[in-house]
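Peer 1: I have a structure here, written as structure tokens, and I will follow up with some questions on it.
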Amino acid sequence: MRKSIFIFLSFLLIGAMVATGSALAASSIVVAQDTPPRMMNPHGDDSDAGLQYMANFFDGLLQRTGPGGKLGPALATRWEHPDLLTWKFYLRKGVKFHNGNPFTAADVKFSFERLSNPEVSEFLNTGKSIESINIIDDYTVEIKTKKPIPWFANNMHQVFIMDKESTEARDQGDVMVKPVGTGAYKLEEWVKGSYVRMSANEEYWEGAPSLKKVEVRPIKESSTRFAALVSGQVGIVTGIPVELFDKVKKNPKLEIISRAARRSIFLALGNKPGSPMADIRVRKAMYMAINEDEIIEKIMRGHATPAAQIPDPPTIGYNGDIKRLKYDPEEAKKLLKEAGYEKGFEVTLSGPNDRYVQDAKIAEAVARYLAKVGIKAKLDVKPKSIFFPDVAEGKLEFYLIGWFDGTFDMGRTYFKLAHSRDRDKGYGGLNGAAYGDPAIDKLLESTADIVDPPKRKETLEKLNAMAMTDKIIWIPLHYQEDLYAVNKGRGITFNPRPDRWMVYKEISKK
Amino acid sequence: MAAYIARRMIQGLIVLLAVSMICFVIFRYMGDPVVTMAGRYATFDEREEVRHMLGLDQPIYVQYWRFISNAAHGNFGKSYVSRVPALGLILERFPATFELACTAVIMAFAIGVILGVVVALKPYAMRNRLIMTASLGGISIPTFLMGILLIMVFSVYLGMLPPFGRGDTVQVGAWRTGFLTLSGIKHLILPAATLAMYQLAVLLRLTRAGMREVLTEEYIKTAWAKGLSPMKVIFKHALRNVLIPVVTITGLQFGEVIAFSIVTETIFQWPGMGNLLLTSMYESDRPVVVTYIMMVAVIIITLNIVVDILYALINPKIRYE
């Protein structure tokens, strides 16, 4: 009896050791990211944190590459926009899913129709804006939208194509944990909360990626992520907090890679008639009362660039002529006096405390600057899961928020943030302070029909200037900085993407 | 005895129902998952559709009744974040937390009791005084500080032990264990030590106090007079009586350790239930949070009953009608 137990145990031990014997090969890498994947269903999470994982297992019709995020072919080799409502995509031939099924137009139709199903998709808006999807032949698809959407193609790098046969054949729970896509990597193992192991897809249509094995370990606690990097357990770490920047810089074994982020942080103000902020002078005063340079220096530790508007330079609608108002508290006090608010007024400043870099501290600083010109701002910072529903309800007065739009088109952002809340048309869904201005609404709505790129650029830039200079819809603060750290001496070549996605086919190792 | 256990179980069910009711009401104010689930660019109508799909447009008592009747069938709803059944999500992580908690409790019990006995024998010796002072540290230093200190010393400076994760684990049937690999065991040491520190100190002091009292009793003097070996006197006669309060506390703490290992799991990125609870609270993932709390209630109630039964085993004089 004892002998057989002993034999059994030693088999178990040997088996365990063999299972863990997979030593890291030369072309493999371990990465510590700050967010874990929520699920392996590519339509179920529309945040960039989730989409980046999906970008490794799946492809969209189009993809964005390069430092400017240029839109280029992926599963579609080219596309046309014959009229305001129609988009025609010519698909790539000879592509196979990870399970061997061929990629055809039927898979595209299935994937897009799935977007409208609220049980599995967070891309409801994209799904429901589609009127019909016609399969012209096995490699050509025509999509018609209900209303003209000029930025429709710009979004195609976020909509991933799933295999129709295997997704329909499996149950929903299995679809949530096992991805079957056409992407550069296949999922080896996903132990929730621990790691995601992927291996290269040798038959990838763009050519097999150079990194053969990738292990992603999501670590939420920033000091633990730092410890993982310093102890040599990982090769790349994303999301270095600004307080640890100096420590990482001083360490000779580590290399910091930083990039100006696309995300801008700004303050949104309501303009309810009768409230102080309905007066443009008050808005201007609040803008001038905030010392953004000091915020960047002291709170962001220098890791931010001042912003004069919400879109970043590569976005259509970015207007380089818009300049920041100077920090001038005396002038601010004068303007407040002119508007009749010499004694100031009370306002509640809301914001998240776990979403953006130093978000709660920035809100505190803003409250302090406003107090110096007599405006008493009551702070109300809360976790993002409670803050964002408040924004969606439109009941806030004054709040801090950040934004970046993956479509590189300002129009889409403005319809959600700047347009007055309109239930029937579905505009202003994230206009948290219920800002409303008929002139802005009119100009914005006119852009929906403009498809000609130069004309679109011109109108959007005009709208942007009106919003920031004439109306001061928002008080812009700064653009964040994306900070990564790499363990030197492992030959890792890593150029971060502007959208912060970690796409492993773009990283190589000597 | 059987009637006693049955009665305790019915009481437990009543407590469970009360806990679920309280949870449900409180977490209504926890945040609205609809905005995230409908996607950033959803229109008002699309959000309403999601709300209807989740059943969140019904009045609270309808939602609660549906939850209880589903729960009776083992269906605790789907996580809003991962869209998979909440109970499965939690149970998946149970092995990780259980192994961590077991290791921590065994560490704390073994080291705490032995040290407590050692310290009780010669309370004023220098070494023992140092141990008592250190135990004060164990009680007062908060868990997160202890964890970070251990990481700094053992991972960053000495590079001896890994600072996060479970290492390589082996799936044995439905149980994912870290005990079978060297890497798994190495990863277990720091988090278990962090978790064990407080309990260790408490058990140490408790054992010491108990031993000191018992060692002055008449029957111990009788045992010494009989000429029994020190080992027999101390362990067979004295310690057995001291163990009752010690086992009680250990049992209760085991439940707490499983339920609330949140801080340790967050620091060490340990993929256990505590970590899941914290993340789910931040994401307003109500199904997971409510299911978790109910599960914790079940565990603690069960452990209480088990401890009561253990009493009867340790001390034959204790009987339940």
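Ordered as shown in the structure tokens, chains take letters A, B, and onward, while each chain numbers its residues from 1 and ligands are numbered from 1 in the order shown.
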What's the 10 Å shell around region 54-61 of chain B, counting only C-alpha atoms, without same-chain residues fewer than 5 positions away, as a list of chain:residue names?
Peer 2: A:Pro118, A:Glu119, B:Met21, B:Phe24, B:Val25, B:Arg28, B:Asp32, B:Pro33, B:Val34, B:Glu48, B:Glu49, B:Arg66, B:Phe67, B:Gly77, B:Lys78, B:Tyr80
Peer 1: Now that the selection is made, can you save its residues with N, CA and C atoms as a CSV table (one decimal), in the first residue's frame?
Peer 2:
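Everything below was put into result-v1.csv:
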```csv
chain,number,residue,atom,x,y,z
A,118,PRO,N,-27.0,42.9,-27.1
A,118,PRO,CA,-26.5,43.4,-25.8
A,118,PRO,C,-26.0,42.4,-24.8
A,119,GLU,N,-26.3,41.1,-25.1
A,119,GLU,CA,-25.8,40.1,-24.1
A,119,GLU,C,-24.3,39.8,-24.3
B,21,MET,N,-30.4,39.8,1.8
B,21,MET,CA,-31.3,41.0,1.7
B,21,MET,C,-30.5,42.3,1.9
B,24,PHE,N,-28.2,43.1,-1.1
B,24,PHE,CA,-28.9,43.5,-2.3
B,24,PHE,C,-29.3,45.0,-2.2
B,25,VAL,N,-29.9,45.4,-1.0
B,25,VAL,CA,-30.3,46.7,-0.8
B,25,VAL,C,-29.1,47.7,-0.9
B,28,ARG,N,-27.4,48.4,-4.3
B,28,ARG,CA,-28.2,49.1,-5.3
B,28,ARG,C,-27.6,50.5,-5.5
B,32,ASP,N,-23.9,52.1,-11.4
B,32,ASP,CA,-24.8,51.6,-12.5
B,32,ASP,C,-24.0,50.9,-13.5
B,33,PRO,N,-24.1,49.6,-13.7
B,33,PRO,CA,-23.3,48.9,-14.7
B,33,PRO,C,-23.7,49.2,-16.1
B,34,VAL,N,-24.9,49.7,-16.3
B,34,VAL,CA,-25.5,49.8,-17.6
B,34,VAL,C,-24.6,50.7,-18.5
B,48,GLU,N,-31.2,51.8,-22.5
B,48,GLU,CA,-32.4,51.2,-21.9
B,48,GLU,C,-32.5,49.8,-22.3
B,49,GLU,N,-32.1,49.4,-23.5
B,49,GLU,CA,-32.2,48.0,-23.9
B,49,GLU,C,-31.3,47.2,-23.0
B,66,ARG,N,-36.3,37.4,-7.8
B,66,ARG,CA,-35.6,36.6,-8.9
B,66,ARG,C,-34.3,36.1,-8.5
B,67,PHE,N,-33.5,36.9,-7.8
B,67,PHE,CA,-32.2,36.5,-7.4
B,67,PHE,C,-32.3,35.3,-6.5
B,77,GLY,N,-26.4,34.4,-11.2
B,77,GLY,CA,-26.4,35.6,-12.2
B,77,GLY,C,-25.0,35.6,-12.9
B,78,LYS,N,-24.9,36.4,-13.9
B,78,LYS,CA,-23.7,36.5,-14.7
B,78,LYS,C,-23.0,37.8,-14.3
B,80,TYR,N,-21.2,41.2,-14.5
B,80,TYR,CA,-21.4,42.3,-15.5
B,80,TYR,C,-20.1,42.5,-16.3
```
Peer 1: Could you list, as a ChimeraX atom specification, every residue within 9 Å of Ile401 (chain A), counting only C-alpha atoms and ignoring same-chain residues fewer than 3 positions away?
Peer 2: /A:264-268,351-352,356,359
Peer 1: Would you kindly report the residues of chain B within 7 Å of chain A, using only C-alpha atoms, as a PyMOL selection string?
Peer 2: chain B and resi 30-32+35+37-39+41-44+46+50+81-82+84+155-156+159+163-165+168+170+180-181+266-269+271+282-284
Peer 1: For N, CA and C atoms, I'd like the residues from the last selection saved as an mmCIF file, in the first residue's frame.
Peer 2:
```
data_model
loop_
_atom_site.group_PDB
_atom_site.id
_atom_site.type_symbol
_atom_site.label_atom_id
_atom_site.label_comp_id
_atom_site.auth_asym_id
_atom_site.auth_seq_id
_atom_site.Cartn_x
_atom_site.Cartn_y
_atom_site.Cartn_z
ATOM 1 N N MET B 30 -24.493 51.180 -5.455
ATOM 2 C CA MET B 30 -23.074 50.958 -5.701
ATOM 3 C C MET B 30 -22.623 51.477 -7.047
ATOM 4 N N GLY B 31 -23.498 51.886 -7.885
ATOM 5 C CA GLY B 31 -23.054 52.300 -9.212
ATOM 6 C C GLY B 31 -23.863 51.579 -10.254
ATOM 7 N N ASP B 32 -23.928 52.139 -11.424
ATOM 8 C CA ASP B 32 -24.807 51.626 -12.460
ATOM 9 C C ASP B 32 -23.987 50.923 -13.531
ATOM 10 N N VAL B 35 -24.112 51.761 -17.984
ATOM 11 C CA VAL B 35 -23.362 52.700 -18.819
ATOM 12 C C VAL B 35 -22.125 52.029 -19.413
ATOM 13 N N MET B 37 -21.652 48.712 -19.743
ATOM 14 C CA MET B 37 -21.985 47.553 -20.577
ATOM 15 C C MET B 37 -22.538 47.948 -21.927
ATOM 16 N N ALA B 38 -23.152 49.120 -22.012
ATOM 17 C CA ALA B 38 -23.722 49.503 -23.299
ATOM 18 C C ALA B 38 -22.659 50.101 -24.213
ATOM 19 N N GLY B 39 -21.473 50.360 -23.675
ATOM 20 C CA GLY B 39 -20.435 50.925 -24.521
ATOM 21 C C GLY B 39 -20.432 52.437 -24.447
ATOM 22 N N TYR B 41 -20.244 54.760 -26.680
ATOM 23 C CA TYR B 41 -20.958 55.575 -27.669
ATOM 24 C C TYR B 41 -22.441 55.242 -27.757
ATOM 25 N N ALA B 42 -22.969 54.525 -26.749
ATOM 26 C CA ALA B 42 -24.366 54.100 -26.835
ATOM 27 C C ALA B 42 -25.306 55.292 -26.705
ATOM 28 N N THR B 43 -26.440 55.177 -27.380
ATOM 29 C CA THR B 43 -27.466 56.209 -27.237
ATOM 30 C C THR B 43 -28.339 55.856 -26.031
ATOM 31 N N PHE B 44 -29.216 56.779 -25.676
ATOM 32 C CA PHE B 44 -30.073 56.551 -24.524
ATOM 33 C C PHE B 44 -30.917 55.292 -24.702
ATOM 34 N N GLU B 46 -30.237 52.661 -26.507
ATOM 35 C CA GLU B 46 -29.417 51.451 -26.406
ATOM 36 C C GLU B 46 -29.157 51.125 -24.950
ATOM 37 N N VAL B 50 -30.135 47.634 -22.715
ATOM 38 C CA VAL B 50 -29.243 46.863 -21.837
ATOM 39 C C VAL B 50 -29.846 46.765 -20.444
ATOM 40 N N VAL B 81 -18.986 42.215 -15.620
ATOM 41 C CA VAL B 81 -17.696 42.509 -16.244
ATOM 42 C C VAL B 81 -17.266 41.419 -17.213
ATOM 43 N N SER B 82 -17.321 40.167 -16.768
ATOM 44 C CA SER B 82 -16.817 39.089 -17.631
ATOM 45 C C SER B 82 -17.907 38.312 -18.328
ATOM 46 N N VAL B 84 -19.665 35.912 -17.487
ATOM 47 C CA VAL B 84 -19.751 34.468 -17.220
ATOM 48 C C VAL B 84 -20.404 34.305 -15.851
ATOM 49 N N SER B 155 12.532 40.375 -2.381
ATOM 50 C CA SER B 155 12.488 40.325 -3.840
ATOM 51 C C SER B 155 13.393 41.336 -4.490
ATOM 52 N N VAL B 156 13.301 42.582 -3.998
ATOM 53 C CA VAL B 156 14.039 43.628 -4.673
ATOM 54 C C VAL B 156 15.502 43.632 -4.257
ATOM 55 N N GLY B 159 16.567 39.479 -3.905
ATOM 56 C CA GLY B 159 16.262 38.724 -5.124
ATOM 57 C C GLY B 159 16.042 37.245 -4.881
ATOM 58 N N PRO B 163 8.029 38.332 -6.227
ATOM 59 C CA PRO B 163 7.130 39.283 -5.576
ATOM 60 C C PRO B 163 5.669 39.189 -5.952
ATOM 61 N N PHE B 164 5.304 38.424 -6.945
ATOM 62 C CA PHE B 164 3.890 38.447 -7.297
ATOM 63 C C PHE B 164 3.487 37.136 -7.955
ATOM 64 N N GLY B 165 2.208 36.898 -7.946
ATOM 65 C CA GLY B 165 1.647 35.785 -8.696
ATOM 66 C C GLY B 165 1.782 34.459 -7.973
ATOM 67 N N ASP B 168 4.136 28.732 -11.348
ATOM 68 C CA ASP B 168 3.590 27.689 -12.223
ATOM 69 C C ASP B 168 2.663 26.794 -11.424
ATOM 70 N N VAL B 170 -0.366 23.638 -11.335
ATOM 71 C CA VAL B 170 -0.753 22.417 -12.042
ATOM 72 C C VAL B 170 -2.242 22.198 -11.832
ATOM 73 N N LEU B 180 2.482 21.675 -6.047
ATOM 74 C CA LEU B 180 3.231 20.606 -6.700
ATOM 75 C C LEU B 180 4.469 21.078 -7.439
ATOM 76 N N THR B 181 4.677 22.382 -7.529
ATOM 77 C CA THR B 181 5.861 22.836 -8.238
ATOM 78 C C THR B 181 6.723 23.657 -7.296
ATOM 79 N N THR B 266 -4.083 41.670 -3.138
ATOM 80 C CA THR B 266 -3.875 42.798 -4.031
ATOM 81 C C THR B 266 -2.401 43.100 -4.160
ATOM 82 N N ILE B 267 -1.702 43.105 -3.031
ATOM 83 C CA ILE B 267 -0.275 43.452 -3.091
ATOM 84 C C ILE B 267 0.511 42.426 -3.882
ATOM 85 N N PHE B 268 0.218 41.150 -3.656
ATOM 86 C CA PHE B 268 1.012 40.127 -4.320
ATOM 87 C C PHE B 268 0.396 39.672 -5.631
ATOM 88 N N GLN B 269 -0.648 40.393 -6.089
ATOM 89 C CA GLN B 269 -1.344 40.021 -7.314
ATOM 90 C C GLN B 269 -1.665 38.526 -7.290
ATOM 91 N N PRO B 271 -4.037 35.570 -7.543
ATOM 92 C CA PRO B 271 -5.328 35.446 -8.240
ATOM 93 C C PRO B 271 -6.380 34.722 -7.413
ATOM 94 N N TYR B 282 -14.871 47.819 -7.391
ATOM 95 C CA TYR B 282 -14.513 48.995 -8.178
ATOM 96 C C TYR B 282 -15.286 49.051 -9.480
ATOM 97 N N GLU B 283 -15.565 47.875 -10.052
ATOM 98 C CA GLU B 283 -16.271 47.865 -11.323
ATOM 99 C C GLU B 283 -17.774 47.823 -11.138
ATOM 100 N N SER B 284 -18.248 47.889 -9.883
ATOM 101 C CA SER B 284 -19.690 47.800 -9.603
ATOM 102 C C SER B 284 -20.292 46.528 -10.180
#
```
Peer 1: Can you list, as an MDAnalysis selection string, every protein, DNA or RNA residue that comes within 9 Å of region 331-343 of chain A when you count only C-alpha atoms, leaving out same-chain residues fewer than 3 positions away?
Peer 2: chainID A and resid 276 279:282 284:289 327:328 373:375
Peer 1: Residues at most 10 Å from Tyr311 (chain B), counting only C-alpha atoms, excluding those fewer than 5 positions away in the same chain, as a ChimeraX atom specification?
Peer 2: /B:243-245,247-248,306,316-319
Peer 1: Could you please take those selected residues and save N, CA and C atoms as a CSV table (one decimal), in the first residue's frame?
Peer 2:
```csv
chain,number,residue,atom,x,y,z
B,243,LEU,N,-5.4,24.7,24.6
B,243,LEU,CA,-5.8,24.7,23.2
B,243,LEU,C,-7.2,25.1,22.8
B,244,ILE,N,-8.1,25.0,23.8
B,244,ILE,CA,-9.5,25.3,23.5
B,244,ILE,C,-9.7,26.7,23.0
B,245,PRO,N,-9.2,27.7,23.7
B,245,PRO,CA,-9.4,29.0,23.1
B,245,PRO,C,-8.6,29.2,21.9
B,247,VAL,N,-7.8,27.0,19.6
B,247,VAL,CA,-8.4,26.4,18.4
B,247,VAL,C,-9.6,27.3,18.0
B,248,THR,N,-10.4,27.8,18.9
B,248,THR,CA,-11.5,28.6,18.6
B,248,THR,C,-11.1,29.8,17.7
B,306,VAL,N,-18.2,23.7,12.8
B,306,VAL,CA,-17.1,22.8,12.9
B,306,VAL,C,-16.4,23.0,14.2
B,316,PRO,N,-13.7,15.9,26.3
B,316,PRO,CA,-14.8,14.9,26.4
B,316,PRO,C,-16.0,15.3,27.3
B,317,LYS,N,-15.7,16.3,28.2
B,317,LYS,CA,-16.8,16.7,29.1
B,317,LYS,C,-17.8,17.5,28.5
B,318,ILE,N,-17.5,18.1,27.4
B,318,ILE,CA,-18.5,19.0,26.7
B,318,ILE,C,-19.4,18.2,25.9
B,319,ARG,N,-20.7,18.4,26.2
B,319,ARG,CA,-21.7,17.6,25.4
B,319,ARG,C,-22.8,18.5,25.0
```
Peer 1: CA of Ser210 (chain A) and CA of Asn487 (chain A), how far apart in Å?
Peer 2: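 CA of Ser210 (chain A) lies 18.6 Å from CA of Asn487 (chain A).
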